[in-house]
$ cat work28.pdb   # PDB, C-alpha atoms
ATOM      1  CA  MET D   1    -107.956-171.461  87.292
ATOM      2  CA  GLU D   2    -108.258-171.281  91.063
ATOM      3  CA  LEU D   3    -111.581-172.260  92.617
ATOM      4  CA  LYS D   4    -111.814-168.922  94.415
ATOM      5  CA  LYS D   5    -111.640-167.054  91.108
ATOM      6  CA  ILE D   6    -114.240-169.356  89.552
ATOM      7  CA  LYS D   7    -116.684-168.610  92.359
ATOM      8  CA  ASN D   8    -115.961-164.889  92.246
ATOM      9  CA  ASP D   9    -116.654-164.910  88.507
ATOM     10  CA  ILE D  10    -119.946-166.774  89.012
ATOM     11  CA  SER D  11    -121.192-164.107  91.429
ATOM     12  CA  ARG D  12    -120.020-161.342  89.086
ATOM     13  CA  MET D  13    -121.609-162.782  85.937
ATOM     14  CA  TYR D  14    -124.856-164.306  87.220
ATOM     15  CA  SER D  15    -127.548-163.541  89.773
ATOM     16  CA  LYS D  16    -129.752-166.649  89.684
ATOM     17  CA  ALA D  17    -129.019-170.252  88.739
ATOM     18  CA  MET D  18    -131.320-173.176  88.034
ATOM     19  CA  VAL D  19    -130.105-176.717  88.691
ATOM     20  CA  THR D  20    -132.271-179.542  87.374
ATOM     21  CA  GLY D  21    -131.896-182.836  89.182
ATOM     22  CA  GLY D  22    -130.927-180.640  92.113
ATOM     23  CA  ALA D  23    -131.870-183.207  94.742
ATOM     24  CA  GLY D  24    -129.790-185.823  92.981
ATOM     25  CA  PHE D  25    -126.220-186.858  93.587
ATOM     26  CA  ILE D  26    -124.290-184.538  91.264
ATOM     27  CA  GLY D  27    -126.958-181.825  91.208
ATOM     28  CA  SER D  28    -126.834-181.367  94.985
ATOM     29  CA  HIS D  29    -123.069-180.840  94.824
ATOM     30  CA  VAL D  30    -123.481-178.291  92.015
ATOM     31  CA  ILE D  31    -126.002-176.455  94.229
ATOM     32  CA  GLU D  32    -123.598-176.546  97.174
ATOM     33  CA  ALA D  33    -120.838-174.997  95.058
ATOM     34  CA  LEU D  34    -123.197-172.327  93.679
ATOM     35  CA  LEU D  35    -124.578-171.330  97.075
ATOM     36  CA  ASP D  36    -121.015-170.790  98.224
ATOM     37  CA  THR D  37    -120.801-167.991  95.617
ATOM     38  CA  GLY D  38    -123.758-166.125  97.156
ATOM     39  CA  ILE D  39    -126.080-166.180  94.137
ATOM     40  CA  ASP D  40    -129.689-167.389  94.208
ATOM     41  CA  VAL D  41    -130.274-171.027  93.269
ATOM     42  CA  VAL D  42    -133.492-172.839  92.389
ATOM     43  CA  SER D  43    -133.498-176.642  92.415
ATOM     44  CA  ILE D  44    -135.808-178.519  90.053
ATOM     45  CA  ASP D  45    -136.404-182.185  90.837
ATOM     46  CA  SER D  46    -139.190-184.726  90.368
ATOM     47  CA  TYR D  47    -137.897-186.771  93.340
ATOM     48  CA  ILE D  48    -138.268-189.968  91.355
ATOM     49  CA  ALA D  49    -134.541-190.481  91.932
ATOM     50  CA  GLY D  50    -133.579-187.356  93.889
ATOM     51  CA  LYS D  51    -133.750-187.296  97.668
ATOM     52  CA  GLU D  52    -134.869-184.524  99.982
ATOM     53  CA  GLY D  53    -132.031-185.445 102.334
ATOM     54  CA  ASN D  54    -129.496-184.422  99.682
ATOM     55  CA  ILE D  55    -130.607-180.784  99.845
ATOM     56  CA  ALA D  56    -131.967-180.570 103.419
ATOM     57  CA  GLN D  57    -128.818-178.726 104.494
ATOM     58  CA  PHE D  58    -129.643-175.876 102.086
ATOM     59  CA  GLU D  59    -133.275-175.294 103.074
ATOM     60  CA  LYS D  60    -132.506-172.524 105.588
ATOM     61  CA  ASN D  61    -130.306-170.662 103.130
ATOM     62  CA  PRO D  62    -132.217-167.522 101.978
ATOM     63  CA  HIS D  63    -130.642-167.865  98.519
ATOM     64  CA  PHE D  64    -132.054-171.353  97.959
ATOM     65  CA  LYS D  65    -135.433-172.555  96.703
ATOM     66  CA  SER D  66    -136.492-176.111  95.889
ATOM     67  CA  VAL D  67    -139.292-176.966  93.453
ATOM     68  CA  ARG D  68    -140.905-180.342  92.867
ATOM     69  CA  CYS D  69    -141.221-180.504  89.094
ATOM     70  CA  ASP D  70    -140.403-182.938  86.307
ATOM     71  CA  VAL D  71    -138.354-181.617  83.379
ATOM     72  CA  THR D  72    -140.862-183.273  81.040
ATOM     73  CA  ASP D  73    -143.640-181.018  82.452
ATOM     74  CA  TYR D  74    -143.133-177.950  80.274
ATOM     75  CA  GLU D  75    -146.017-175.855  81.616
ATOM     76  CA  THR D  76    -145.017-176.214  85.265
ATOM     77  CA  LEU D  77    -141.346-175.814  84.476
ATOM     78  CA  LYS D  78    -142.046-172.522  82.700
ATOM     79  CA  LYS D  79    -143.343-170.956  85.922
ATOM     80  CA  HIS D  80    -139.947-171.153  87.619
ATOM     81  CA  PHE D  81    -137.673-169.544  85.015
ATOM     82  CA  ASP D  82    -138.184-165.904  86.003
ATOM     83  CA  GLY D  83    -134.853-164.248  86.695
ATOM     84  CA  VAL D  84    -132.796-167.347  85.887
ATOM     85  CA  ASP D  85    -129.688-166.416  83.918
ATOM     86  CA  VAL D  86    -127.634-169.621  84.108
ATOM     87  CA  VAL D  87    -128.875-173.221  83.886
ATOM     88  CA  PHE D  88    -127.075-176.394  84.960
ATOM     89  CA  HIS D  89    -129.135-179.201  83.427
ATOM     90  CA  GLN D  90    -128.233-182.237  85.545
ATOM     91  CA  ALA D  91    -131.560-184.110  85.465
ATOM     92  CA  ALA D  92    -131.353-187.431  83.655
ATOM     93  CA  SER D  93    -132.778-190.894  83.469
ATOM     94  CA  LYS D  94    -130.015-193.106  84.844
ATOM     95  CA  LYS D  95    -128.291-195.768  82.782
ATOM     96  CA  ASN D  96    -129.902-198.732  84.530
ATOM     97  CA  VAL D  97    -133.372-197.244  83.973
ATOM     98  CA  CYS D  98    -132.969-197.497  80.207
ATOM     99  CA  ILE D  99    -133.006-201.295  80.319
ATOM    100  CA  ARG D 100    -136.226-201.373  82.341
ATOM    101  CA  ASP D 101    -138.054-198.506  80.610
ATOM    102  CA  PRO D 102    -136.369-197.180  77.448
ATOM    103  CA  ARG D 103    -139.352-194.957  76.604
ATOM    104  CA  LEU D 104    -139.054-193.151  79.935
ATOM    105  CA  ASP D 105    -135.323-192.903  79.331
ATOM    106  CA  LEU D 106    -135.946-191.157  75.996
ATOM    107  CA  LYS D 107    -138.651-188.890  77.432
ATOM    108  CA  VAL D 108    -136.451-187.581  80.248
ATOM    109  CA  ASN D 109    -133.141-187.367  78.401
ATOM    110  CA  GLY D 110    -134.529-186.188  75.061
ATOM    111  CA  GLU D 111    -137.763-184.290  75.669
ATOM    112  CA  GLY D 112    -136.573-183.005  79.046
ATOM    113  CA  ALA D 113    -133.483-181.472  77.458
ATOM    114  CA  PHE D 114    -135.586-179.925  74.682
ATOM    115  CA  ASN D 115    -137.972-178.336  77.213
ATOM    116  CA  MET D 116    -135.097-176.831  79.163
ATOM    117  CA  LEU D 117    -133.430-175.458  76.040
ATOM    118  CA  GLU D 118    -136.636-173.955  74.693
ATOM    119  CA  LEU D 119    -137.327-172.171  77.971
ATOM    120  CA  ALA D 120    -133.714-171.034  78.277
ATOM    121  CA  ARG D 121    -133.983-169.499  74.812
ATOM    122  CA  ASP D 122    -137.338-167.829  75.483
ATOM    123  CA  LYS D 123    -136.337-166.496  78.923
ATOM    124  CA  GLY D 124    -133.000-165.026  77.847
ATOM    125  CA  VAL D 125    -130.737-167.348  79.827
ATOM    126  CA  LYS D 126    -127.097-166.289  79.449
ATOM    127  CA  LYS D 127    -125.497-169.731  79.830
ATOM    128  CA  PHE D 128    -126.720-173.340  79.572
ATOM    129  CA  VAL D 129    -124.459-176.107  80.895
ATOM    130  CA  HIS D 130    -125.662-179.562  79.891
ATOM    131  CA  ALA D 131    -124.643-182.770  81.671
ATOM    132  CA  SER D 132    -124.036-185.645  79.269
ATOM    133  CA  THR D 133    -122.138-188.913  79.472
ATOM    134  CA  GLY D 134    -119.220-190.841  78.050
ATOM    135  CA  SER D 135    -121.763-193.479  77.018
ATOM    136  CA  VAL D 136    -122.362-191.458  73.837
ATOM    137  CA  TYR D 137    -119.023-192.817  72.554
ATOM    138  CA  GLY D 138    -119.817-196.516  72.887
ATOM    139  CA  GLU D 139    -116.897-198.917  72.839
ATOM    140  CA  ALA D 140    -113.488-197.301  72.406
ATOM    141  CA  GLN D 141    -112.431-197.304  68.757
ATOM    142  CA  ILE D 142    -109.556-194.860  69.218
ATOM    143  CA  THR D 143    -107.631-194.388  72.458
ATOM    144  CA  PRO D 144    -107.398-192.245  74.340
ATOM    145  CA  GLN D 145    -110.976-191.158  73.701
ATOM    146  CA  ASP D 146    -111.093-187.427  73.136
ATOM    147  CA  GLU D 147    -114.065-185.309  72.081
ATOM    148  CA  THR D 148    -113.523-186.160  68.388
ATOM    149  CA  HIS D 149    -114.081-189.886  69.018
ATOM    150  CA  PRO D 150    -116.920-191.377  66.901
ATOM    151  CA  LEU D 151    -120.302-191.272  68.623
ATOM    152  CA  CYS D 152    -121.549-194.872  68.532
ATOM    153  CA  PRO D 153    -123.609-195.506  71.695
ATOM    154  CA  VAL D 154    -124.385-199.142  72.493
ATOM    155  CA  SER D 155    -127.210-198.587  75.010
ATOM    156  CA  TYR D 156    -130.591-196.855  75.012
ATOM    157  CA  TYR D 157    -129.132-194.511  77.610
ATOM    158  CA  GLY D 158    -126.244-193.539  75.358
ATOM    159  CA  VAL D 159    -128.638-192.911  72.471
ATOM    160  CA  SER D 160    -131.041-190.771  74.534
ATOM    161  CA  LYS D 161    -128.199-188.723  76.020
ATOM    162  CA  LEU D 162    -126.790-188.187  72.539
ATOM    163  CA  ALA D 163    -130.225-186.959  71.462
ATOM    164  CA  GLY D 164    -130.070-184.414  74.291
ATOM    165  CA  GLU D 165    -126.621-183.316  73.139
ATOM    166  CA  ARG D 166    -127.880-182.848  69.586
ATOM    167  CA  TYR D 167    -130.689-180.623  70.804
ATOM    168  CA  VAL D 168    -128.127-178.561  72.714
ATOM    169  CA  LYS D 169    -126.014-178.151  69.584
ATOM    170  CA  THR D 170    -129.067-177.233  67.513
ATOM    171  CA  PHE D 171    -130.161-174.471  69.910
ATOM    172  CA  ASP D 172    -126.632-173.087  69.816
ATOM    173  CA  HIS D 173    -126.639-173.183  66.003
ATOM    174  CA  LEU D 174    -130.153-171.863  65.364
ATOM    175  CA  TYR D 175    -130.528-169.320  68.158
ATOM    176  CA  GLY D 176    -127.015-168.558  69.395
ATOM    177  CA  LEU D 177    -127.799-169.956  72.847
ATOM    178  CA  ASN D 178    -124.576-170.053  74.872
ATOM    179  CA  THR D 179    -124.291-173.781  75.628
ATOM    180  CA  THR D 180    -121.590-176.114  76.881
ATOM    181  CA  VAL D 181    -121.753-179.904  77.214
ATOM    182  CA  LEU D 182    -119.853-181.853  79.861
ATOM    183  CA  ARG D 183    -119.554-185.592  79.303
ATOM    184  CA  TYR D 184    -119.330-187.302  82.704
ATOM    185  CA  PHE D 185    -117.442-190.503  83.449
ATOM    186  CA  HIS D 186    -118.174-192.644  86.517
ATOM    187  CA  VAL D 187    -118.691-189.848  89.002
ATOM    188  CA  TYR D 188    -118.546-190.964  92.633
ATOM    189  CA  GLY D 189    -118.609-189.489  96.120
ATOM    190  CA  PRO D 190    -120.901-188.700  99.073
ATOM    191  CA  ARG D 191    -124.678-188.767  98.444
ATOM    192  CA  GLN D 192    -124.507-191.183  95.522
ATOM    193  CA  GLU D 193    -127.361-193.687  95.373
ATOM    194  CA  SER D 194    -126.241-197.075  96.696
ATOM    195  CA  GLY D 195    -129.248-199.102  95.499
ATOM    196  CA  GLU D 196    -129.606-200.850  92.159
ATOM    197  CA  PHE D 197    -129.623-197.545  90.239
ATOM    198  CA  GLY D 198    -126.529-196.209  91.992
ATOM    199  CA  GLY D 199    -122.883-196.051  91.005
ATOM    200  CA  VAL D 200    -120.568-199.016  91.333
ATOM    201  CA  ILE D 201    -118.451-197.505  94.133
ATOM    202  CA  ALA D 202    -121.526-196.736  96.242
ATOM    203  CA  ILE D 203    -123.029-200.161  95.556
ATOM    204  CA  PHE D 204    -119.782-201.984  96.427
ATOM    205  CA  ALA D 205    -119.252-199.879  99.562
ATOM    206  CA  ARG D 206    -122.746-200.616 100.842
ATOM    207  CA  ALA D 207    -122.424-204.349 100.191
ATOM    208  CA  ILE D 208    -119.074-204.581 101.987
ATOM    209  CA  LEU D 209    -120.227-202.448 104.940
ATOM    210  CA  GLU D 210    -123.265-204.724 105.276
ATOM    211  CA  GLY D 211    -121.028-207.811 105.196
ATOM    212  CA  ARG D 212    -121.979-208.956 101.704
ATOM    213  CA  ASN D 213    -119.757-209.927  98.793
ATOM    214  CA  PRO D 214    -119.734-207.236  96.075
ATOM    215  CA  THR D 215    -121.260-208.370  92.766
ATOM    216  CA  ILE D 216    -119.296-207.825  89.556
ATOM    217  CA  PHE D 217    -121.117-208.117  86.237
ATOM    218  CA  GLY D 218    -118.736-209.628  83.693
ATOM    219  CA  ASP D 219    -115.169-210.615  84.511
ATOM    220  CA  GLY D 220    -114.151-207.349  86.187
ATOM    221  CA  SER D 221    -111.613-206.398  83.536
ATOM    222  CA  GLN D 222    -113.711-203.453  82.343
ATOM    223  CA  GLU D 223    -111.931-200.121  82.870
ATOM    224  CA  ARG D 224    -113.512-197.006  84.326
ATOM    225  CA  SER D 225    -112.338-193.394  84.753
ATOM    226  CA  PHE D 226    -113.650-192.571  88.223
ATOM    227  CA  THR D 227    -114.162-188.837  88.827
ATOM    228  CA  TYR D 228    -114.804-187.303  92.251
ATOM    229  CA  VAL D 229    -118.103-185.443  92.484
ATOM    230  CA  LYS D 230    -116.720-182.147  93.799
ATOM    231  CA  ASP D 231    -114.344-181.956  90.844
ATOM    232  CA  CYS D 232    -117.337-182.558  88.596
ATOM    233  CA  ALA D 233    -119.350-179.789  90.283
ATOM    234  CA  ASN D 234    -116.434-177.362  90.022
ATOM    235  CA  ALA D 235    -116.083-178.177  86.311
ATOM    236  CA  ASN D 236    -119.690-177.053  85.828
ATOM    237  CA  LEU D 237    -118.976-173.668  87.397
ATOM    238  CA  PHE D 238    -115.705-173.400  85.490
ATOM    239  CA  VAL D 239    -117.219-173.761  82.010
ATOM    240  CA  ALA D 240    -119.993-171.326  82.973
ATOM    241  CA  VAL D 241    -117.466-168.508  83.446
ATOM    242  CA  THR D 242    -114.700-169.378  80.989
ATOM    243  CA  ASP D 243    -114.350-167.714  77.600
ATOM    244  CA  GLY D 244    -114.345-169.954  74.560
ATOM    245  CA  THR D 245    -116.675-172.634  75.915
ATOM    246  CA  LYS D 246    -119.730-171.599  73.851
ATOM    247  CA  GLY D 247    -120.850-174.493  71.657
ATOM    248  CA  GLU D 248    -118.128-176.780  72.966
ATOM    249  CA  VAL D 249    -118.124-180.312  74.402
ATOM    250  CA  TYR D 250    -115.687-181.450  77.084
ATOM    251  CA  ASN D 251    -114.828-184.784  78.651
ATOM    252  CA  CYS D 252    -115.291-184.351  82.404
ATOM    253  CA  ALA D 253    -113.120-187.215  83.611
ATOM    254  CA  SER D 254    -110.252-187.547  86.040
ATOM    255  CA  GLY D 255    -108.168-189.520  83.547
ATOM    256  CA  ILE D 256    -107.522-192.161  86.228
ATOM    257  CA  ASN D 257    -108.038-195.662  84.807
ATOM    258  CA  VAL D 258    -109.157-198.384  87.230
ATOM    259  CA  THR D 259    -110.605-201.824  86.483
ATOM    260  CA  VAL D 260    -113.667-202.998  88.383
ATOM    261  CA  ASN D 261    -111.568-205.829  89.846
ATOM    262  CA  GLU D 262    -109.026-203.282  91.116
ATOM    263  CA  LEU D 263    -111.821-201.187  92.579
ATOM    264  CA  ALA D 264    -113.317-204.123  94.473
ATOM    265  CA  ALA D 265    -109.901-205.095  95.846
ATOM    266  CA  ALA D 266    -109.208-201.520  96.979
ATOM    267  CA  LEU D 267    -112.544-201.194  98.774
ATOM    268  CA  LEU D 268    -112.210-204.569 100.493
ATOM    269  CA  LYS D 269    -108.760-203.521 101.733
ATOM    270  CA  LEU D 270    -109.788-200.027 102.854
ATOM    271  CA  LEU D 271    -112.798-201.415 104.720
ATOM    272  CA  GLY D 272    -110.789-204.235 106.303
ATOM    273  CA  ARG D 273    -112.837-207.137 104.942
ATOM    274  CA  PRO D 274    -110.372-209.755 103.608
ATOM    275  CA  ASP D 275    -113.021-212.388 104.374
ATOM    276  CA  LEU D 276    -115.231-211.111 101.552
ATOM    277  CA  LYS D 277    -114.627-211.571  97.829
ATOM    278  CA  PRO D 278    -116.363-210.535  94.600
ATOM    279  CA  GLU D 279    -119.120-212.662  93.106
ATOM    280  CA  TYR D 280    -119.327-212.671  89.305
ATOM    281  CA  LYS D 281    -122.477-212.597  87.168
ATOM    282  CA  GLU D 282    -123.293-212.223  83.476
ATOM    283  CA  TRP D 283    -122.375-209.021  81.675
ATOM    284  CA  LEU D 284    -125.025-206.296  81.670
ATOM    285  CA  ILE D 285    -126.556-205.432  78.308
ATOM    286  CA  GLY D 286    -124.871-202.359  76.811
ATOM    287  CA  ASP D 287    -122.038-202.343  79.349
ATOM    288  CA  ILE D 288    -118.886-200.789  77.901
ATOM    289  CA  LYS D 289    -115.696-202.758  78.450
ATOM    290  CA  LYS D 290    -113.064-200.035  78.242
ATOM    291  CA  PHE D 291    -112.834-196.305  78.904
ATOM    292  CA  ASP D 292    -109.500-194.614  78.189
ATOM    293  CA  ILE D 293    -110.395-190.952  78.414
ATOM    294  CA  SER D 294    -108.513-187.810  77.455
ATOM    295  CA  ASN D 295    -109.371-184.731  79.516
ATOM    296  CA  ALA D 296    -106.757-182.598  77.732
ATOM    297  CA  LYS D 297    -109.328-180.276  76.166
ATOM    298  CA  LEU D 298    -110.793-179.236  79.521
ATOM    299  CA  ARG D 299    -107.404-179.021  81.213
ATOM    300  CA  GLY D 300    -106.185-176.923  78.284
ATOM    301  CA  LEU D 301    -108.582-174.196  79.429
ATOM    302  CA  GLY D 302    -106.948-174.174  82.855
ATOM    303  CA  PHE D 303    -109.154-176.581  84.801
ATOM    304  CA  GLU D 304    -107.527-179.153  87.053
ATOM    305  CA  PHE D 305    -109.031-182.190  88.762
ATOM    306  CA  GLN D 306    -107.988-181.782  92.389
ATOM    307  CA  THR D 307    -108.901-185.130  93.973
ATOM    308  CA  ASP D 308    -106.791-188.250  93.519
ATOM    309  CA  PHE D 309    -108.498-191.636  93.608
ATOM    310  CA  GLU D 310    -107.333-192.705  97.068
ATOM    311  CA  GLU D 311    -108.434-189.419  98.661
ATOM    312  CA  GLY D 312    -111.778-189.582  96.876
ATOM    313  CA  LEU D 313    -112.375-193.146  98.041
ATOM    314  CA  GLN D 314    -111.538-192.258 101.631
ATOM    315  CA  ASN D 315    -113.949-189.297 101.598
ATOM    316  CA  THR D 316    -116.662-191.437 100.059
ATOM    317  CA  LEU D 317    -116.245-194.309 102.505
ATOM    318  CA  GLU D 318    -116.375-191.965 105.488
ATOM    319  CA  TYR D 319    -119.785-190.848 104.259
ATOM    320  CA  TYR D 320    -121.149-194.373 103.765
ATOM    321  CA  LYS D 321    -119.832-195.509 107.149
ATOM    322  CA  THR D 322    -122.346-193.104 108.693
ATOM    323  CA  LEU D 323    -125.193-194.800 106.802
ATOM    324  CA  PHE D 324    -124.490-198.527 107.005
TER     325      PHE D 324
END
$ encode --input "work28.pdb" --output "structure tokens"
Amino acid sequence: MELKKIKNDISRMYSKAMVTGGAGFIGSHVIEALLDTGIDVVSIDSYIAGKEGNIAQFEKNPHFKSVRCDVTDYETLKKHFDGVDVVFHQAASKKNVCIRDPRLDLKVNGEGAFNMLELARDKGVKKFVHASTGSVYGEAQITPQDETHPLCPVSYYGVSKLAGERYVKTFDHLYGLNTTVLRYFHVYGPRQESGEFGGVIAIFARAILEGRNPTIFGDGSQERSFTYVKDCANANLFVAVTDGTKGEVYNCASGINVTVNELAAALLKLLGRPDLKPEYKEWLIGDIKKFDISNAKLRGLGFEFQTDFEEGLQNTLEYYKTLF
């Protein structure tokens, strides 16, 4: 389906969207895509991880409103649901947080999802799109990993995100709430956090631009399916307007397989730093060694990932060159 049609359908079907984690990396790109349709958008963010700079460009748009609120704060959250007819639940505790504070991880990813679903049910929301993660699969037992793969998470993060998914499924089953789950895989692009809680591409890019060797945890043979953020945002809008997505789960992944060693080599080459080289440290707890992802189910509906890996890297590096 063409992007123009997707955006036309959004404006025809909905009048007001809520994006949780709106000041975050992916959430801000979902907001950008939604505002381009002309509908009203309210951003919900606690700003624990989100950044005001990610949404500063939208502040003068009369269709945009930002709210400082945590998804675990049910009473405050309830005040901002009036008129909302589609929800894009992007807020999450990031994977690295789960090692440091697994209780917070559970509270945000489990209770936060439950709060959003309960309010969506009570306020008559037409569509609820829930952001999940490939970490719910755990290590690959069957390849390629499609949506029928066993759910065996090997990290607190994977467990808490699976809990959120189960709540989504339950609200669909018990109340007929129109829900769709997108499982993300290694999303990258402009605005991604480049500190310790960021994505590997952003972290590597920052290190290289600052003249430091990128750090690889493990031996670098682990495979990832890097997905450009604008493709991810467009997938959110796509499932919100496409028939047959109610109650379904989709892998939101480019299908491009790249090892971490290959990624480091590509970034060092693109940034012209042959003098630098990766430094290796111990594996991270719960790190998955291999992702071999099938996106056939989502593509079967007519969605296509538009950005190849080289183009996505170039776009991303141009952004980080302005920062470091």
$ resolve_selection --input "work28.pdb" --expression "the PyMOL selection byres ((chain D and resi 316) around 9)" --output "ChimeraX atom specification"
/D:188-191,201-202,205,311-315,317-321
$ write_last_selection --input "work28.pdb" --atoms "C-alpha atoms" --output "compact mmCIF listing (two decimals), in the frame of the given file"
# COMPACT_ATOMS: atom_id res chain seq x y z
CA TYR D 188 -118.55 -190.96 92.63
CA GLY D 189 -118.61 -189.49 96.12
CA PRO D 190 -120.90 -188.70 99.07
CA ARG D 191 -124.68 -188.77 98.44
CA ILE D 201 -118.45 -197.50 94.13
CA ALA D 202 -121.53 -196.74 96.24
CA ALA D 205 -119.25 -199.88 99.56
CA GLU D 311 -108.43 -189.42 98.66
CA GLY D 312 -111.78 -189.58 96.88
CA LEU D 313 -112.38 -193.15 98.04
CA GLN D 314 -111.54 -192.26 101.63
CA ASN D 315 -113.95 -189.30 101.60
CA LEU D 317 -116.24 -194.31 102.50
CA GLU D 318 -116.38 -191.96 105.49
CA TYR D 319 -119.78 -190.85 104.26
CA TYR D 320 -121.15 -194.37 103.76
CA LYS D 321 -119.83 -195.51 107.15
$ resolve_selection --input "work28.pdb" --expression "the PyMOL selection byres ((chain D and resi 16) around 9)" --output "PyMOL selection string"
chain D and resi 14-15+17-18+39-42+63+83-87
$ atom_distance --input "work28.pdb" --atom1 "CA of Arg183 in chain D" --atom2 "CA of Asn251 in chain D"
4.8 Å
$ closest_residue --input "work28.pdb" --among "D:Asp146, D:Asp82, D:Asp45, D:Asp292" --to "Gly124 in chain D" --atoms "only C-alpha atoms"
D:Asp82
$ residues_around --input "work28.pdb" --residues "Phe305 in chain D" --least-positions-apart "3" --cutoff "10 Å" --atoms "all atoms listed in the file" --output "ChimeraX atom specification"
/D:227-228,230-232,234-235,252-255,295,298-299,308
$ residues_around --input "work28.pdb" --residues "Pro102 in chain D" --least-positions-apart "3" --cutoff "12 Å" --atoms "all atoms listed in the file" --output "number ranges by chain"
D: 93-99, 105-110, 155-161
$ resolve_selection --input "work28.pdb" --expression "the PyMOL selection byres ((chain D and resi 89) around 10)" --output "list in words"
Met18, Val19, Thr20, Gly21, Gly22, Gly27, Ile44, Val71, Val86, Val87, Phe88, Gln90, Ala91, Ala92, Gly112, Ala113, Met116, Leu117, Phe128, Val129, His130, Ala131, Ser132, Val181 and Asn236 of chain D
$ atom_distance --input "work28.pdb" --atom1 "CA of Ala140 in chain D" --atom2 "CA of Phe226 in chain D"
16.5 Å
$ closest_residue --input "work28.pdb" --among "D:Glu52, D:Ala240, D:Thr72, D:Ser294" --to "Arg12 in chain D" --atoms "only C-alpha atoms"
D:Ala240
$ closest_residue --input "work28.pdb" --among "D:Glu279, D:Glu111, D:Glu165, D:Glu2" --to "Ser135 in chain D" --atoms "all atoms listed in the file"
D:Glu165
$ closest_residue --input "work28.pdb" --among "D:Ile256, D:Val241, D:Ala23, D:Ala207" --to "Arg273 in chain D" --atoms "only C-alpha atoms"
D:Ala207
$ axis_aligned_box --input "work28.pdb" --around "range 6-15 of chain D" --padding-each-side "4 Å" --output "JSON"
{"center_x": -120.9, "center_y": -165.3, "center_z": 89.1, "size_x": 21.3, "size_y": 16.0, "size_z": 14.4}
$ residues_around --input "work28.pdb" --residues "Ser46 in chain D" --least-positions-apart "6" --cutoff "6 Å" --atoms "only C-alpha atoms" --output "NGL selection string"
:D and (68-70)
$ closest_residue --input "work28.pdb" --among "D:Glu118, D:Glu75, D:Glu304, D:Glu310" --to "Met1 in chain D" --atoms "all atoms listed in the file"
D:Glu304
$ atom_distance --input "work28.pdb" --atom1 "CA of Pro214 in chain D" --atom2 "CA of Val260 in chain D"
10.7 Å
$ closest_residue --input "work28.pdb" --among "D:Pro278, D:Gly138, D:Gly176, D:Gly24" --to "Gly247 in chain D" --atoms "all atoms listed in the file"
D:Gly176
$ residues_around --input "work28.pdb" --residues "Lys290 in chain D" --least-positions-apart "5" --cutoff "9 Å" --atoms "all atoms listed in the file" --output "mmCIF file with C-alpha atoms, keeping the file's coordinate frame"
data_model
loop_
_atom_site.group_PDB
_atom_site.id
_atom_site.type_symbol
_atom_site.label_atom_id
_atom_site.label_comp_id
_atom_site.auth_asym_id
_atom_site.auth_seq_id
_atom_site.Cartn_x
_atom_site.Cartn_y
_atom_site.Cartn_z
ATOM 1 C CA GLU D 139 -116.897 -198.917 72.839
ATOM 2 C CA ALA D 140 -113.488 -197.301 72.406
ATOM 3 C CA SER D 221 -111.613 -206.398 83.536
ATOM 4 C CA GLN D 222 -113.711 -203.453 82.343
ATOM 5 C CA GLU D 223 -111.931 -200.121 82.870
ATOM 6 C CA ARG D 224 -113.512 -197.006 84.326
ATOM 7 C CA THR D 259 -110.605 -201.824 86.483
#
$ build_atoms --input "work28.pdb" --residues "range 82-92 of chain D" --atoms "N, CA and C atoms" --output "PDB file, in the coordinates of the input"
ATOM      1  N   ASP D  82    -138.341-167.355  85.860  1.00  0.00           N
ATOM      2  CA  ASP D  82    -138.184-165.904  86.003  1.00  0.00           C
ATOM      3  C   ASP D  82    -136.879-165.555  86.719  1.00  0.00           C
ATOM      4  N   GLY D  83    -136.103-164.714  86.096  1.00  0.00           N
ATOM      5  CA  GLY D  83    -134.853-164.248  86.695  1.00  0.00           C
ATOM      6  C   GLY D  83    -133.671-165.180  86.541  1.00  0.00           C
ATOM      7  N   VAL D  84    -133.890-166.381  86.040  1.00  0.00           N
ATOM      8  CA  VAL D  84    -132.796-167.347  85.887  1.00  0.00           C
ATOM      9  C   VAL D  84    -131.889-166.912  84.740  1.00  0.00           C
ATOM     10  N   ASP D  85    -130.605-166.794  84.999  1.00  0.00           N
ATOM     11  CA  ASP D  85    -129.688-166.416  83.918  1.00  0.00           C
ATOM     12  C   ASP D  85    -128.598-167.446  83.638  1.00  0.00           C
ATOM     13  N   VAL D  86    -128.538-168.518  84.424  1.00  0.00           N
ATOM     14  CA  VAL D  86    -127.634-169.621  84.108  1.00  0.00           C
ATOM     15  C   VAL D  86    -128.308-170.923  84.529  1.00  0.00           C
ATOM     16  N   VAL D  87    -128.244-171.915  83.649  1.00  0.00           N
ATOM     17  CA  VAL D  87    -128.875-173.221  83.886  1.00  0.00           C
ATOM     18  C   VAL D  87    -127.810-174.309  83.895  1.00  0.00           C
ATOM     19  N   PHE D  88    -127.903-175.188  84.888  1.00  0.00           N
ATOM     20  CA  PHE D  88    -127.075-176.394  84.960  1.00  0.00           C
ATOM     21  C   PHE D  88    -128.034-177.585  84.864  1.00  0.00           C
ATOM     22  N   HIS D  89    -128.147-178.147  83.677  1.00  0.00           N
ATOM     23  CA  HIS D  89    -129.135-179.201  83.427  1.00  0.00           C
ATOM     24  C   HIS D  89    -128.529-180.560  83.780  1.00  0.00           C
ATOM     25  N   GLN D  90    -128.780-180.985  85.025  1.00  0.00           N
ATOM     26  CA  GLN D  90    -128.233-182.237  85.545  1.00  0.00           C
ATOM     27  C   GLN D  90    -129.233-183.387  85.522  1.00  0.00           C
ATOM     28  N   ALA D  91    -130.526-183.073  85.392  1.00  0.00           N
ATOM     29  CA  ALA D  91    -131.560-184.110  85.465  1.00  0.00           C
ATOM     30  C   ALA D  91    -131.386-185.114  84.335  1.00  0.00           C
ATOM     31  N   ALA D  92    -131.507-186.381  84.669  1.00  0.00           N
ATOM     32  CA  ALA D  92    -131.353-187.431  83.655  1.00  0.00           C
ATOM     33  C   ALA D  92    -131.995-188.718  84.141  1.00  0.00           C
TER      34      ALA D  92
END
